[in-house]
Amino acid sequence: MRTILAAAFAAAPLAAMLAACSPEKPPADALRPVRTVELRYDKAREANRYVGTVQSRHEVNEAFRVGGKVLQRKVDVGQKVREGDVLAALDDADYRHAEEAARQQFIAATTQARQAESDRKRLDALKVDGSVSASDDEKARTGAETATATAEATARQLELARNRLKYTVLRASQSGVVTAVRFEVGQVVAEGQPVVLIANEGEPEIIADVPEDHLAVFKASRYKAWLASAPDQTFDVVLRELSPQASAQTRTFRARLKPAMPRPLPLGATATLVVERPDADSPAAAIPAAAITQSKGQPAVWVVHRTGSEPVGTVDLLGVTVHGYRNDEVLVSGPPAGELVVTAGVQKMAPGLHVALPGATPGKAVVPQAK
């Protein structure tokens with residue numbers, strides 16, 4: 001028995017030495033799970049969104065053609081008016097006095113012209129027998145012509161005075177809805193000062209401001225819009241007018257778009273304008289912005305290549321061409337359609353790294369092959 005134990009103790013160090021000399025089994029590496037997105041070029045389309053407002057194509061700033069103190073106000077904001085309706089009236093006392101003075105001057109001038117014409121005719125009758133000299137005849141003719149011209153001038157002055165009296169009543173020049181009132185009763189307004197804004201509801205438009213760097217694409221795009229009050233009702237619009245000059249304050253270009261099919265739109269409503277670029281010769285795929293990384297200073301993405309039929313694979317870095325940006329997406333091209341692009345954790349990727357796709361067994365390991 002003692003002999004057996006002694007042999008066992010002697011063999012233990014020898015077994016330990018042999019185990020130390022044998023090659024170690026490599027540890028298994030756990031798969032790193034990743035999130036991916038499939039490249040789909042057929043669904044990628046660059047689009048920009050702009051916030052605009054609904055306005056009328058035809059808006060008129062009504063103003064008095066004479067100045068004075070406002071005596072009556074007959075409209076409020078939101079009220080519908082017809083062409084010729086009275087909007088407001090000024091105190092016309094001074095204009096009535098001016099009209100009466102012009103009328104009296106016209107009567108006096110007409111009387112003088114009639115008297116001068118009678119004198120001329122009498123001198124013509126006396127000129128036959130030589131009783132009137134040529135000088136007196138010429139003076140009579142000149143006096144008659146002057147009196148007639150004075151009478152015609154006072155007639156025009158009377159007409160102007162009557163027109164100014166008529167202008168103390170402001171009437172609507174078109175039918176529509178009152179969208180602004182800029183005066184109150186008792187206020188003294190100047191000649192030509194805008195006091196009432198009338199918009200024609202029959203031709204609404206969407207007004208949006210376009211940045212200078214979007215201008216070339218904006219002109220050759222398709223347009224859709226919806227209202228903030230009805231986001232589920234999208235309708236087509238067409239570009240009617242694009243300002244040729246940028247605004248001095250915002251450096252943007254004012255665009256006016258009208259519905260492709262006539263439809264009522266509430267004036268002043270907020271609208272969202274979606275501008276879709278026409279399909280390009282080289283289509284682009286939309287991927288999350290977090291998927292973009294760099295390779296030698298150029299944009300690139302990590303692509304997962306499947307290994308067999310299991311939901312696992314290895315990653316590779318591929319360069320891409322960036323075509324544009326959206327709110328949280330990037331439009332790219334380069335890799336073939338159907339490739340799986342890593343969308344999260346791109347900073348921890350390395351060429352040849354084994355990863356687990358959605359659906360892989362959690363905790364599964366990959367054993368590197370011995371070289």
# chains A, B, ... in the order shown; residues from 1 in each chain; ligands from 1
>>> residues_around(residues="stretch 122-124 of chain A", least_positions_apart="5", cutoff="9 Å", atoms="only C-alpha atoms", output="list in words")
Glu117, Ser131, Val132, Asp136, Asp137 and Ala140 of chain A
>>> residues_around(residues="A:Pro351", least_positions_apart="5", cutoff="12 Å", atoms="only C-alpha atoms", output="list in words")
Ser295, Val301, Trp302, Val303, Val304, His305, Gly313, Thr314, Val315, Asp316, Leu317, Leu318 and Val346 of chain A
>>> write_last_selection(atoms="N, CA and C atoms", output="mmCIF file, in the first residue's frame")
data_model
loop_
_atom_site.group_PDB
_atom_site.id
_atom_site.type_symbol
_atom_site.label_atom_id
_atom_site.label_comp_id
_atom_site.auth_asym_id
_atom_site.auth_seq_id
_atom_site.Cartn_x
_atom_site.Cartn_y
_atom_site.Cartn_z
ATOM 1 N N SER A 295 -13.742 56.498 -43.552
ATOM 2 C CA SER A 295 -12.585 55.675 -43.899
ATOM 3 C C SER A 295 -11.632 56.525 -44.717
ATOM 4 N N VAL A 301 -19.623 52.967 -44.508
ATOM 5 C CA VAL A 301 -20.552 52.247 -43.642
ATOM 6 C C VAL A 301 -19.989 50.856 -43.382
ATOM 7 N N TRP A 302 -20.423 50.280 -42.271
ATOM 8 C CA TRP A 302 -20.067 48.898 -41.944
ATOM 9 C C TRP A 302 -21.168 47.992 -42.485
ATOM 10 N N VAL A 303 -20.765 47.014 -43.307
ATOM 11 C CA VAL A 303 -21.695 46.091 -43.932
ATOM 12 C C VAL A 303 -21.477 44.702 -43.345
ATOM 13 N N VAL A 304 -22.580 44.006 -43.037
ATOM 14 C CA VAL A 304 -22.519 42.658 -42.468
ATOM 15 C C VAL A 304 -22.701 41.638 -43.586
ATOM 16 N N HIS A 305 -21.741 40.702 -43.708
ATOM 17 C CA HIS A 305 -21.837 39.592 -44.659
ATOM 18 C C HIS A 305 -22.215 38.338 -43.880
ATOM 19 N N GLY A 313 -22.608 36.812 -38.888
ATOM 20 C CA GLY A 313 -21.822 37.248 -40.021
ATOM 21 C C GLY A 313 -20.609 38.033 -39.585
ATOM 22 N N THR A 314 -19.868 38.524 -40.544
ATOM 23 C CA THR A 314 -18.686 39.349 -40.305
ATOM 24 C C THR A 314 -18.895 40.709 -40.953
ATOM 25 N N VAL A 315 -18.238 41.725 -40.396
ATOM 26 C CA VAL A 315 -18.437 43.090 -40.871
ATOM 27 C C VAL A 315 -17.270 43.506 -41.750
ATOM 28 N N ASP A 316 -17.567 44.388 -42.669
ATOM 29 C CA ASP A 316 -16.560 44.936 -43.573
ATOM 30 C C ASP A 316 -16.878 46.403 -43.800
ATOM 31 N N LEU A 317 -15.861 47.220 -43.958
ATOM 32 C CA LEU A 317 -16.034 48.662 -44.140
ATOM 33 C C LEU A 317 -16.057 48.977 -45.629
ATOM 34 N N LEU A 318 -17.161 49.598 -46.092
ATOM 35 C CA LEU A 318 -17.306 49.964 -47.501
ATOM 36 C C LEU A 318 -17.531 51.463 -47.637
ATOM 37 N N VAL A 346 -21.267 51.674 -34.446
ATOM 38 C CA VAL A 346 -20.274 51.631 -35.520
ATOM 39 C C VAL A 346 -18.868 51.944 -35.011
#
>>> residues_around(residues="A:Leu357", least_positions_apart="3", cutoff="12 Å", atoms="only C-alpha atoms", output="NGL selection string")
:A and (31-37 or 303-307 or 309-315 or 340-343 or 354 or 360-362 or 364)
>>> residues_around(residues="A:Arg277", least_positions_apart="5", cutoff="12 Å", atoms="only C-alpha atoms", output="ChimeraX atom specification")
/A:44-49,214-224,283-284,323-324
>>> write_last_selection(atoms="C-alpha atoms", output="short mmCIF file (atom, residue, chain, number, x, y, z; two decimals), in the first residue's frame")
data_model
loop_
_atom_site.label_atom_id
_atom_site.label_comp_id
_atom_site.auth_asym_id
_atom_site.auth_seq_id
_atom_site.Cartn_x
_atom_site.Cartn_y
_atom_site.Cartn_z
CA ALA A 44 -35.22 56.31 -51.55
CA ARG A 45 -36.31 59.74 -52.71
CA GLU A 46 -34.87 63.02 -51.56
CA ALA A 47 -37.45 65.39 -50.13
CA ASN A 48 -37.39 68.71 -48.33
CA ARG A 49 -40.06 70.16 -46.09
CA HIS A 214 -32.34 74.66 -52.53
CA LEU A 215 -33.41 76.90 -55.39
CA ALA A 216 -32.19 74.83 -58.35
CA VAL A 217 -33.71 71.60 -57.01
CA PHE A 218 -36.93 73.34 -55.98
CA LYS A 219 -37.73 74.43 -59.53
CA ALA A 220 -37.58 70.88 -60.93
CA SER A 221 -39.43 69.07 -58.13
CA ARG A 222 -42.89 67.73 -57.38
CA TYR A 223 -44.91 69.31 -54.61
CA LYS A 224 -47.42 68.08 -52.05
CA PRO A 283 -30.72 56.29 -57.16
CA ALA A 284 -29.89 56.62 -53.49
CA HIS A 323 -26.30 62.48 -51.94
CA GLY A 324 -28.13 64.45 -49.28
#
>>> residues_around(residues="A:Glu99", least_positions_apart="5", cutoff="10 Å", atoms="only C-alpha atoms", output="list in words")
Ala93, Asp94, Gln104, Gln105, Gln157, Leu158, Glu159, Leu160, Ala161, Arg162, Asn163, Arg164 and Leu165 of chain A
>>> residues_around(residues="A:Pro264", least_positions_apart="3", cutoff="9 Å", atoms="only C-alpha atoms", output="PyMOL selection string")
chain A and resi 201-204
>>> select_by_dssp(residues="stretch 118-292 of chain A", states="strand (DSSP E or B)", output="PyMOL selection string")
chain A and resi 169-171+176-181+188-189+194-199+204-211+222-227+230-242+252-259+270-276+285-288
>>> closest_residue(among="A:Ala113, A:Val178, A:Ala291, A:Val60", to="A:Asp328", atoms="only C-alpha atoms")
A:Ala291
>>> closest_residue(among="A:Gly345, A:Pro244, A:Pro262, A:Gly338", to="A:Thr293", atoms="only C-alpha atoms")
A:Gly345
>>> atom_distance(atom1="atom CA of A:Lys166", atom2="atom CA of A:Thr150")
24.4 Å
